[in-house]
Structure formats: structure tokens, C-alpha cells
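Novice: So here's coords-v1.csv, just CSV, C-alpha atoms:
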```
chain,number,residue,atom,x,y,z
T,632,MET,CA,-3.7,-16.3,15.6
T,633,THR,CA,-2.7,-19.5,17.4
T,634,ALA,CA,0.0,-20.4,19.9
T,635,LEU,CA,1.8,-22.3,17.2
T,636,SER,CA,2.0,-19.4,14.9
T,637,SER,CA,3.6,-17.2,17.6
T,638,LEU,CA,6.6,-19.5,17.7
T,639,VAL,CA,7.4,-19.4,14.0
T,640,ASP,CA,10.9,-18.4,13.1
T,641,LEU,CA,11.0,-16.0,10.1
T,642,ASP,CA,14.0,-17.9,8.7
T,643,ASP,CA,12.1,-21.3,8.8
T,644,SER,CA,10.4,-21.3,5.5
T,645,ASP,CA,8.7,-24.7,6.0
T,646,ALA,CA,7.2,-23.5,9.3
T,647,LEU,CA,6.0,-20.3,7.8
T,648,ILE,CA,4.2,-22.1,5.0
T,649,ALA,CA,2.7,-24.6,7.4
T,650,ALA,CA,1.5,-21.8,9.7
T,651,ASP,CA,0.0,-19.8,6.9
T,652,ARG,CA,-3.3,-21.8,6.9
T,653,ASP,CA,-5.4,-18.8,5.7
T,654,GLY,CA,-3.1,-18.0,2.7
T,655,SER,CA,-2.2,-14.6,3.9
T,656,LEU,CA,1.3,-14.7,2.3
T,657,ARG,CA,-0.2,-15.9,-1.0
T,658,SER,CA,-2.8,-13.2,-1.0
T,659,ALA,CA,-0.2,-10.5,-0.4
T,660,ALA,CA,1.9,-11.9,-3.2
T,661,LEU,CA,-0.8,-11.5,-5.9
T,662,ALA,CA,-0.5,-7.8,-6.3
T,663,GLY,CA,1.2,-8.2,-9.6
T,664,ALA,CA,-1.4,-10.7,-10.8
T,665,GLN,CA,-4.2,-8.2,-10.0
T,666,VAL,CA,-2.5,-5.5,-12.0
T,667,ARG,CA,-1.9,-7.9,-14.9
T,668,ALA,CA,-5.5,-8.9,-14.9
T,669,VAL,CA,-6.6,-5.2,-15.3
T,670,ALA,CA,-4.1,-4.8,-18.1
T,671,THR,CA,-5.6,-7.9,-19.8
T,672,ALA,CA,-9.1,-6.4,-19.5
T,673,VAL,CA,-7.9,-3.2,-21.2
T,674,ASP,CA,-6.4,-5.3,-24.0
T,675,GLU,CA,-9.8,-6.9,-24.4
T,676,SER,CA,-11.3,-3.4,-25.1
T,677,VAL,CA,-13.4,-3.3,-22.0
T,678,LEU,CA,-12.7,0.5,-21.9
T,679,ALA,CA,-12.9,1.0,-25.6
T,680,ARG,CA,-15.7,3.6,-25.3
T,681,LEU,CA,-13.4,6.0,-23.5
T,682,THR,CA,-11.0,6.1,-26.4
T,683,ASP,CA,-10.6,9.7,-27.7
T,684,LEU,CA,-13.0,11.0,-25.1
T,685,ARG,CA,-12.0,14.3,-23.7
T,686,PRO,CA,-13.9,14.4,-20.4
T,687,ARG,CA,-14.7,17.5,-18.3
T,688,SER,CA,-13.7,15.5,-15.2
T,689,VAL,CA,-13.0,12.0,-13.9
T,690,VAL,CA,-14.8,11.4,-10.7
T,691,ILE,CA,-13.9,8.4,-8.5
T,692,VAL,CA,-16.6,7.2,-6.2
T,693,THR,CA,-15.4,4.8,-3.6
T,694,GLY,CA,-16.8,2.6,-0.8
T,695,ASP,CA,-14.9,1.7,2.3
T,696,GLY,CA,-11.6,0.0,2.4
T,697,ARG,CA,-8.8,-0.3,-0.2
T,698,SER,CA,-10.8,1.5,-3.0
T,699,SER,CA,-10.9,4.6,-0.9
T,700,ARG,CA,-7.2,4.4,-0.1
T,701,ALA,CA,-6.2,3.8,-3.7
T,702,ALA,CA,-8.2,6.8,-4.9
T,703,SER,CA,-6.5,9.0,-2.2
T,704,LEU,CA,-3.1,7.6,-3.3
T,705,LEU,CA,-3.8,8.4,-7.0
T,706,VAL,CA,-5.0,12.0,-6.2
T,707,ALA,CA,-2.0,12.6,-3.9
T,708,ALA,CA,0.5,11.3,-6.5
T,709,LEU,CA,-0.9,12.8,-9.7
T,710,GLY,CA,-3.9,15.0,-9.0
T,711,ASP,CA,-2.1,18.3,-9.5
T,712,ARG,CA,-0.3,17.2,-12.6
T,713,LEU,CA,-3.0,15.7,-14.8
T,714,GLY,CA,-4.6,17.4,-17.8
T,715,VAL,CA,-8.1,16.4,-16.6
T,716,PRO,CA,-9.6,17.3,-13.2
T,717,LEU,CA,-9.5,14.2,-10.9
T,718,VAL,CA,-12.1,14.2,-8.1
T,719,ARG,CA,-12.5,11.7,-5.3
T,720,SER,CA,-16.0,11.5,-3.8
T,721,THR,CA,-18.2,9.3,-1.7
T,722,GLY,CA,-21.2,9.6,-4.1
T,723,THR,CA,-22.0,10.9,-7.6
T,724,PRO,CA,-22.0,14.7,-7.4
T,725,PRO,CA,-25.1,16.6,-8.6
T,726,TRP,CA,-23.2,18.4,-11.3
T,727,ILE,CA,-22.2,15.2,-13.2
T,728,GLY,CA,-23.4,15.1,-16.8
T,729,PRO,CA,-22.6,13.6,-20.2
T,730,LEU,CA,-19.2,15.2,-20.4
T,731,ASP,CA,-17.9,13.4,-17.3
T,732,VAL,CA,-16.5,9.9,-16.5
T,733,VAL,CA,-17.5,8.3,-13.2
T,734,VAL,CA,-15.6,5.4,-11.7
T,735,VAL,CA,-17.5,3.6,-9.0
T,736,ALA,CA,-15.3,1.2,-7.0
T,737,GLY,CA,-15.7,-1.0,-3.9
T,738,ASP,CA,-15.6,-4.5,-2.5
T,739,ASP,CA,-19.3,-4.8,-1.5
T,740,ALA,CA,-21.7,-5.2,-4.3
T,741,GLY,CA,-24.5,-4.7,-1.8
T,742,ASP,CA,-23.3,-1.3,-0.7
T,743,PRO,CA,-26.3,1.0,-1.5
T,744,ARG,CA,-24.0,4.0,-2.0
T,745,LEU,CA,-22.3,2.3,-4.9
T,746,ALA,CA,-25.6,1.2,-6.5
T,747,GLU,CA,-27.0,4.7,-6.1
T,748,SER,CA,-23.9,6.2,-7.6
T,749,VAL,CA,-24.0,4.0,-10.6
T,750,ASP,CA,-27.7,4.6,-11.2
T,751,ALA,CA,-27.3,8.4,-10.8
T,752,ALA,CA,-24.3,8.7,-13.1
T,753,SER,CA,-26.0,6.5,-15.8
T,754,ARG,CA,-29.2,8.6,-15.7
T,755,ARG,CA,-27.2,11.8,-16.1
T,756,GLY,CA,-25.5,10.4,-19.2
T,757,ALA,CA,-22.0,10.1,-17.8
T,758,GLU,CA,-19.6,7.3,-18.9
T,759,VAL,CA,-19.6,4.9,-16.0
T,760,VAL,CA,-16.8,2.4,-15.1
T,761,VAL,CA,-17.7,-0.1,-12.3
T,762,VAL,CA,-14.7,-1.6,-10.4
T,763,ALA,CA,-16.6,-4.0,-8.2
T,764,PRO,CA,-18.1,-7.5,-8.2
T,765,GLU,CA,-20.7,-7.9,-11.0
T,766,GLU,CA,-23.5,-9.1,-8.7
T,767,GLY,CA,-26.2,-8.1,-6.3
T,768,PRO,CA,-27.8,-4.7,-6.3
T,769,LEU,CA,-24.9,-3.3,-8.4
T,770,ARG,CA,-25.7,-5.7,-11.3
T,771,ALA,CA,-29.4,-4.8,-11.0
T,772,VAL,CA,-28.7,-1.1,-11.7
T,773,ARG,CA,-26.2,-1.7,-14.5
T,774,GLY,CA,-27.1,0.5,-17.5
T,775,PRO,CA,-26.1,0.4,-21.2
T,776,ARG,CA,-23.3,2.9,-20.5
T,777,ALA,CA,-21.6,1.0,-17.7
T,778,MET,CA,-18.3,-0.6,-18.3
T,779,TRP,CA,-17.3,-3.3,-15.8
T,780,LEU,CA,-13.9,-4.3,-14.4
T,781,PRO,CA,-14.8,-7.0,-11.8
T,782,PRO,CA,-12.1,-8.7,-9.8
T,783,ARG,CA,-10.5,-11.6,-11.8
T,784,ILE,CA,-8.0,-12.6,-9.1
T,785,ALA,CA,-9.3,-13.7,-5.7
T,786,VAL,CA,-7.5,-12.0,-2.8
T,787,ARG,CA,-8.4,-10.8,0.7
T,788,ASP,CA,-10.1,-7.5,0.8
T,789,HIS,CA,-7.1,-5.8,2.5
T,790,ASN,CA,-4.8,-6.9,-0.4
T,791,ALA,CA,-6.9,-5.3,-3.2
T,792,LEU,CA,-5.2,-1.9,-3.2
T,793,MET,CA,-3.3,-2.7,-6.4
T,794,ARG,CA,-6.4,-3.8,-8.3
T,795,TYR,CA,-8.2,-0.5,-7.7
T,796,LEU,CA,-5.1,1.6,-8.4
T,797,ALA,CA,-4.5,-0.3,-11.7
T,798,ALA,CA,-8.2,0.2,-12.7
T,799,PHE,CA,-8.0,3.9,-12.0
T,800,VAL,CA,-4.8,4.2,-14.0
T,801,ALA,CA,-6.4,2.3,-16.8
T,802,VAL,CA,-9.3,4.7,-17.0
T,803,LEU,CA,-7.0,7.7,-17.1
T,804,GLY,CA,-4.9,6.0,-19.7
T,805,ALA,CA,-8.0,5.3,-21.9
T,806,VAL,CA,-9.3,8.8,-22.2
T,807,SER,CA,-7.8,11.2,-24.6
T,808,GLY,CA,-4.9,13.3,-23.2
T,809,GLY,CA,-1.6,15.0,-23.8
T,810,SER,CA,1.9,14.7,-22.4
T,811,TRP,CA,0.6,14.1,-18.9
T,812,LYS,CA,-0.1,10.5,-19.9
T,813,THR,CA,3.6,9.8,-19.5
T,814,LEU,CA,3.1,10.2,-15.8
T,815,LEU,CA,0.9,7.1,-15.7
T,816,PRO,CA,2.7,3.8,-15.0
T,817,ASN,CA,2.7,1.1,-17.6
T,818,LEU,CA,0.5,-1.6,-16.2
T,819,SER,CA,2.5,-4.6,-17.6
T,820,ARG,CA,5.7,-3.2,-16.3
T,821,LEU,CA,4.1,-2.4,-12.9
T,822,ALA,CA,2.9,-6.0,-12.7
T,823,ASP,CA,6.5,-7.2,-13.3
T,824,LEU,CA,7.8,-4.9,-10.6
T,825,LEU,CA,5.2,-6.2,-8.1
T,826,ASP,CA,6.0,-9.8,-9.0
T,827,ALA,CA,9.7,-9.1,-8.4
T,828,GLU,CA,8.8,-7.7,-5.0
T,829,ALA,CA,6.8,-10.8,-4.2
T,830,VAL,CA,9.8,-12.9,-5.1
T,831,ARG,CA,12.1,-10.9,-2.8
T,832,ASN,CA,9.5,-11.2,0.0
T,833,SER,CA,8.9,-15.0,-0.4
T,834,PRO,CA,9.3,-17.3,2.7
T,835,SER,CA,12.3,-19.0,1.2
T,836,ASN,CA,14.4,-15.8,1.4
T,837,GLU,CA,16.1,-15.2,4.8
T,838,VAL,CA,15.6,-12.0,6.7
T,839,PHE,CA,18.7,-10.2,5.4
T,840,HIS,CA,17.5,-11.0,1.8
T,841,ASN,CA,13.9,-10.3,2.5
T,842,PRO,CA,12.7,-6.6,3.0
T,843,ALA,CA,9.3,-7.6,4.3
T,844,LYS,CA,10.7,-10.0,6.9
T,845,ALA,CA,13.3,-7.4,7.9
T,846,LEU,CA,10.5,-4.9,8.4
T,847,ALA,CA,8.3,-7.4,10.4
T,848,SER,CA,11.3,-8.2,12.6
T,849,GLY,CA,11.9,-4.5,13.3
T,850,LEU,CA,8.3,-3.8,14.1
T,851,ASN,CA,7.6,-6.9,16.3
T,852,GLY,CA,7.0,-5.9,19.9
T,853,ARG,CA,7.9,-2.2,19.3
T,854,ARG,CA,5.9,1.0,19.4
T,855,ALA,CA,6.1,2.4,15.9
T,856,VAL,CA,4.6,5.0,13.6
T,857,LEU,CA,4.5,5.1,9.8
T,858,THR,CA,4.7,8.4,7.9
T,859,GLY,CA,5.8,9.6,4.4
T,860,GLY,CA,8.1,12.0,2.8
T,861,SER,CA,5.4,13.2,0.3
T,862,PRO,CA,1.6,13.3,0.2
T,863,ALA,CA,1.5,10.0,-1.8
T,864,ALA,CA,3.9,8.4,0.7
T,865,VAL,CA,1.7,9.4,3.6
T,866,GLU,CA,-1.2,7.6,1.9
T,867,VAL,CA,0.9,4.5,1.6
T,868,ALA,CA,1.9,4.9,5.3
T,869,ARG,CA,-1.8,5.1,6.2
T,870,HIS,CA,-2.5,2.0,4.1
T,871,GLY,CA,0.2,0.1,6.0
T,872,SER,CA,-1.1,1.2,9.4
T,873,GLU,CA,-4.6,0.0,8.5
T,874,VAL,CA,-3.4,-3.4,7.0
T,875,LEU,CA,-1.1,-4.1,10.0
T,876,LEU,CA,-4.0,-3.5,12.4
T,877,ARG,CA,-6.5,-5.5,10.4
T,878,VAL,CA,-4.3,-8.5,9.6
T,879,ALA,CA,-2.0,-8.9,12.6
T,880,GLY,CA,-3.7,-6.7,15.2
T,881,VAL,CA,-0.5,-4.6,15.4
T,882,VAL,CA,-1.2,-1.0,16.4
T,883,VAL,CA,1.1,1.2,14.3
T,884,GLY,CA,0.2,4.9,14.1
T,885,ALA,CA,0.3,6.9,10.9
T,886,GLY,CA,0.4,10.6,10.3
T,887,GLU,CA,2.0,13.6,8.5
T,888,LEU,CA,5.8,13.8,8.7
T,889,GLY,CA,5.8,17.1,10.6
T,890,ASP,CA,3.5,15.8,13.3
T,891,VAL,CA,5.4,12.5,13.6
T,892,ILE,CA,8.8,14.4,14.0
T,893,ALA,CA,7.4,16.7,16.6
T,894,ALA,CA,5.9,13.8,18.6
T,895,SER,CA,9.0,11.7,18.4
T,896,VAL,CA,11.4,14.5,19.5
T,897,ARG,CA,9.1,15.3,22.4
T,898,ALA,CA,8.9,11.7,23.5
T,899,SER,CA,12.7,11.3,23.3
T,900,LEU,CA,13.2,14.4,25.5
T,901,VAL,CA,10.8,13.0,28.1
T,902,GLU,CA,12.5,9.6,28.0
T,903,SER,CA,16.0,11.2,28.3
T,904,GLY,CA,15.0,12.9,31.5
T,905,GLY,CA,13.5,9.8,33.1
T,906,ALA,CA,14.4,6.4,34.3
T,907,SER,CA,15.1,5.2,30.8
T,908,SER,CA,18.5,7.1,30.8
T,909,THR,CA,19.7,5.0,33.7
T,910,PHE,CA,18.0,1.7,32.8
T,911,ASP,CA,20.3,-1.4,32.9
T,912,SER,CA,18.6,-4.6,31.9
T,913,ILE,CA,21.2,-6.7,33.7
T,914,PHE,CA,20.6,-5.3,37.2
T,915,HIS,CA,16.9,-4.3,36.8
T,916,ASP,CA,14.5,-6.1,39.1
T,917,GLU,CA,10.8,-5.6,38.3
T,918,GLN,CA,9.7,-6.3,41.8
T,919,LEU,CA,12.0,-3.6,43.2
T,920,ASP,CA,12.4,-1.2,40.4
T,921,GLY,CA,9.0,-1.6,38.7
T,922,PRO,CA,8.4,-2.4,35.0
T,923,PRO,CA,11.2,-1.6,32.6
T,924,PRO,CA,10.8,1.6,30.5
T,925,ALA,CA,9.3,1.3,27.1
T,926,LEU,CA,11.6,1.2,24.1
T,927,PRO,CA,11.8,4.4,22.1
T,928,MET,CA,9.2,4.8,19.4
T,929,ARG,CA,10.4,3.6,16.0
T,930,VAL,CA,9.7,5.9,13.1
T,931,ILE,CA,9.5,4.5,9.5
T,932,VAL,CA,9.3,7.0,6.7
T,933,VAL,CA,8.0,5.8,3.3
T,934,ALA,CA,9.8,7.7,0.5
T,935,SER,CA,10.7,7.6,-3.1
T,936,GLU,CA,14.3,8.0,-4.3
T,937,ALA,CA,13.4,11.6,-5.5
T,938,ASP,CA,12.4,12.6,-1.9
T,939,ARG,CA,15.1,10.6,-0.2
T,940,ALA,CA,17.7,13.4,0.4
T,941,ILE,CA,15.2,15.9,1.8
T,942,THR,CA,13.4,13.3,3.9
T,943,GLU,CA,16.7,12.1,5.5
T,944,ARG,CA,17.6,15.7,6.3
T,945,ARG,CA,14.2,16.2,8.0
T,946,ILE,CA,14.5,13.2,10.2
T,947,ALA,CA,18.2,13.6,11.0
T,948,GLY,CA,17.5,14.5,14.6
T,949,VAL,CA,14.8,11.8,15.1
T,950,PRO,CA,16.0,8.8,17.1
T,951,GLU,CA,15.1,5.3,15.9
T,952,SER,CA,14.0,6.6,12.5
T,953,GLU,CA,14.5,4.9,9.1
T,954,VAL,CA,13.6,5.6,5.5
T,955,LEU,CA,11.7,2.9,3.7
T,956,LEU,CA,12.7,2.8,0.0
T,957,ALA,CA,11.8,0.6,-2.9
T,958,ASP,CA,15.5,-0.4,-3.1
T,959,SER,CA,15.6,-3.3,-0.7
T,960,SER,CA,19.4,-3.4,-0.7
T,961,GLU,CA,19.4,-0.7,2.0
T,962,PRO,CA,19.3,-2.3,5.5
T,963,LEU,CA,16.6,-1.2,8.0
T,964,PHE,CA,17.1,-0.2,11.6
T,965,GLY,CA,20.8,0.2,11.5
T,966,GLY,CA,21.5,-3.4,10.7
T,967,GLU,CA,23.9,-4.8,8.1
T,968,ARG,CA,22.9,-7.4,5.6
T,969,ALA,CA,25.3,-10.1,4.6
T,970,ARG,CA,26.6,-9.8,1.1
T,971,SER,CA,27.7,-12.6,-1.2
T,972,GLU,CA,27.7,-13.5,-4.9
T,973,PHE,CA,24.3,-15.0,-4.3
T,974,ASP,CA,22.8,-11.9,-2.7
T,975,ASN,CA,19.4,-10.6,-3.8
T,976,PRO,CA,18.0,-13.5,-5.8
T,977,ALA,CA,15.5,-11.0,-7.2
T,978,PRO,CA,17.4,-7.7,-7.7
T,979,SER,CA,15.8,-4.5,-6.5
T,980,PRO,CA,14.5,-2.2,-9.3
T,981,ASP,CA,16.7,0.7,-10.3
T,982,PRO,CA,15.2,3.6,-8.4
T,983,ALA,CA,16.0,6.0,-11.2
T,984,THR,CA,13.6,4.2,-13.5
T,985,LEU,CA,10.6,4.2,-11.2
T,986,SER,CA,7.8,6.7,-11.3
T,987,VAL,CA,6.1,7.9,-8.1
T,988,LEU,CA,3.3,5.4,-8.4
T,989,ASP,CA,5.7,2.5,-9.2
T,990,THR,CA,7.6,3.2,-6.0
T,991,MET,CA,4.5,3.7,-3.9
T,992,SER,CA,3.0,0.4,-5.3
T,993,VAL,CA,6.1,-1.6,-4.5
T,994,LEU,CA,6.2,-0.2,-0.9
T,995,ALA,CA,2.5,-0.7,-0.3
T,996,THR,CA,2.9,-4.4,-1.4
T,997,ARG,CA,5.8,-4.8,0.9
T,998,LEU,CA,3.7,-3.5,3.8
T,999,ASP,CA,1.0,-6.0,2.9
T,1000,THR,CA,3.5,-8.8,3.1
T,1001,THR,CA,5.0,-7.4,6.4
T,1002,ALA,CA,1.5,-7.7,7.9
T,1003,ALA,CA,1.2,-11.3,6.8
T,1004,TYR,CA,4.6,-12.1,8.5
T,1005,LEU,CA,3.6,-10.4,11.7
T,1006,LEU,CA,0.4,-12.4,11.7
T,1007,LEU,CA,2.5,-15.6,11.5
T,1008,MET,CA,4.7,-14.3,14.3
T,1009,GLY,CA,1.7,-13.9,16.5
T,1010,GLY,CA,1.0,-10.3,16.1
T,1011,SER,CA,1.5,-7.7,18.9
```
Do you think you could lay out the structure here as C-alpha cells?
Specialist:
Amino acid sequence: MTALSSLVDLDDSDALIAADRDGSLRSAALAGAQVRAVATAVDESVLARLTDLRPRSVVIVTGDGRSSRAASLLVAALGDRLGVPLVRSTGTPPWIGPLDVVVVAGDDAGDPRLAESVDAASRRGAEVVVVAPEEGPLRAVRGPRAMWLPPRIAVRDHNALMRYLAAFVAVLGAVSGGSWKTLLPNLSRLADLLDAEAVRNSPSNEVFHNPAKALASGLNGRRAVLTGGSPAAVEVARHGSEVLLRVAGVVVGAGELGDVIAASVRASLVESGGASSTFDSIFHDEQLDGPPPALPMRVIVVASEADRAITERRIAGVPESEVLLADSSEPLFGGERARSEFDNPAPSPDPATLSVLDTMSVLATRLDTTAAYLLLMGGS
């Protein structure tokens, strides 16, 4: 971060583009392209050997970073509803055999855990899908049963969540199954949804038209915590917290909704009984009165439309709380967005048509772009 980038106005698209020397906004906008690249690989029959296979289990072995978070998101969203056991692991379990499918995913082709996992799964006769760069030690241990889904779109490591999620969905879609397959998102449609989200979040759209800019503006300089209204939404919140820290150096906590509600209510009670209740910024003198009290903690709750009503009821008594939805027409932080016949150049998706993974993917991508805008604003 430079002094120049900290002065960037979010509504000055030319300044934003000029300040984005490292391509952070472009990288965040390529989520749809990553999903489409996986869909193309599936069309090229990369996973053809999985067709009509009825596996005993699908085991996802992940390295560090976004592959691990994508696996956790998939298990949280669909793990209890699939017709095949879905297991997340840090290595190939000893019980793996010819009846299992092992997906090994990670950014680092030199990670010995990934190489050992591919080798162990191949030796035990399992079908192996490798979602990693086809190079280094991983390439050296490739066996005849390994199917490869290497990255086709170059993005920063922290923006690779959608590539991994799309690859895991593709594997589940390739194996034989029943009605549970309707729970899986269509990859081409998901790519279109993420492209539309990227258009809404583009630098040319002003803050009141741009959900990522609005979120960045609300987080800038504030204590905040991300949480979720469901297990899958909590995983997206944790992803957002990690990306905001890594990209912009912004420390935003993440946790279960119950823990966040308890902490926020307790903090508000402490503040209401202290100096913050009588604080007046006009007459406050830091030399006489000390530093001004901190602003209340802002709580942002990731949620799908299906969880919206119950989530809003749970946070009704939490001050400075907002629900983050895929429908970007809803204003954040109590503000009002201007409306006109030209509003929403890229309309928000109809929440009723979105699956849980569709919604979580859109919101994860929005948080990626929010981190890029906070970086350009100078971080916190």
C-alpha cells in the first residue's frame, strides 16, 4: 500500500484503475472465468472415467489456503444431503481403496502432503483427481489413474476459491448418483452469476450501485466481525475475514453467529454505561478528555434468502448489524441508495432461483472484491 492509494475516492473510477497496479480488482473479477474453465474441462471429458462410478466415498484432501476453505464450504452446504459420503481430510486416509474417489487440491505443487496423498491414493487403486498445478513433485508422482484439473485462469492465490469449489462440484456431478444431484449448481449458470456480480462491482459503478464498494466503505476504519446465518454462510464469513486480512491488512473477526451476538450485546452494554453515552464530537477535546471512544462494533451476517427471516430475528437486538444478501438492491448499514431508471446496470439475481452454493459463491466473490477496494483505499 502506498500513500497515493490511501487517497483514492471509491467513486473515481479512473483513480481506482490507476492505483490498482497489482491487478487486485481484475483478479477478484475472474471468479466466473475460473468456474467456466472448469466447466470447459468437464466438457473435454477430463473426468470421463468417473462416469457411472458409484463410489463408496469422495475424499477431498486439501493443502493450505482457499482449497481448504472451499472444501469446508462444500461440506457445510451439502455434506448432509448428498447420496455419497463426502469427507474432508489433510491426507489420504488409510482405509482408502479401489471403491473411493480422492480429490487432491492445493496451490503449491511442491507441498509434500499433496504429493504423498496422490501417491498413496494411486497405489491403493482409488480414482484420483488432482486440482493443482501440473508441475514439480506432484507431476513426478502422477499415476495412470490420476485425472488433472490444473488452473487455466491465472489469479492470485486468495482469489482461487471458486476454482476449487467448481472442481469439487464437477467431481460430484461426474459420479453416478440420484436425485441429490439436483442440489449441485450448474457450472455454466454459476459462471454467469459470478460474471454478473463482477459487473455490479466494477470500478465504473458508483458506491450506491456497487455492493462491494458499499461494503468496503462501511468497513473502512471500523471494528467489524463477519458471521453467517448457516454453517455454509459461516464458512464464507471466515473466507472473507482471511481475504480481508491478507489483501488489505484489515483485521475483521469471524465466528459463529451465537458467539458474535453474545459478544456484540455485551460490548454494547459496556459502552452504554461508559463515556460513549455522553460523547459529543463537537465539544470533545482529546488533550482534556482523552481519546474519543471507539465506534460500536459492526456485525455483518452472511445469509441466503432462505435463512433471511430467521437471521434477521436473531440479530434484531444487535446494534450496528446488517444482513449481507446476494440481492445487492438492499442497502447496507442503514443507508439508502438512489433509484432511477438507470439503476442496477447489472440486475441482481432473483434470490428465489439461487441454490445455497450459488448464493454463497456470489457473496464470497463480493468479499474478494471488497478486499481489493479496501486495499486501494489504504487498508486499515
Novice: In Å, with one decimal, what is the gap from atom CA of T:Arg773 to atom CA of T:Arg697?
Specialist: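 Value for the atom CA of T:Arg773-atom CA of T:Arg697 distance: 22.6 Å.
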Novice: What gap, in Å, lies between atom CA of T:Trp726 and atom CA of T:Val692?
Specialist: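 Here the two named atoms are 14.0 Å from each other.
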Novice: One decimal, in Å: what's the spacing between atom CA of T:Pro834 and atom CA of T:Val883?
Specialist: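 Separation of atom CA of T:Pro834 and atom CA of T:Val883: 23.3 Å.
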Novice: Nearest to T:Ala679 among T:Ala843, T:Val760, T:Met793, T:Ile892, with distances taken over only C-alpha atoms: which residue is it?
Specialist: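 Ranked by minimum distance to T:Ala679, first place goes to T:Val760.
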Novice: With distances taken over only C-alpha atoms, which residue among T:Gly852, T:Gly741, T:Pro716, T:Gly859 lies nearest T:Gly767?
Specialist: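 Going through T:Gly852, T:Gly741, T:Pro716, T:Gly859 one by one, the smallest distance to T:Gly767 is for T:Gly741.
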Novice: Select, from T:Gly886, T:Glu866, T:Thr858, T:Pro816, the residue with the minimum atom-to-atom distance to T:Leu985, counting all atoms listed in the file.
Specialist: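 Smallest separation from T:Leu985 among the options: T:Pro816.
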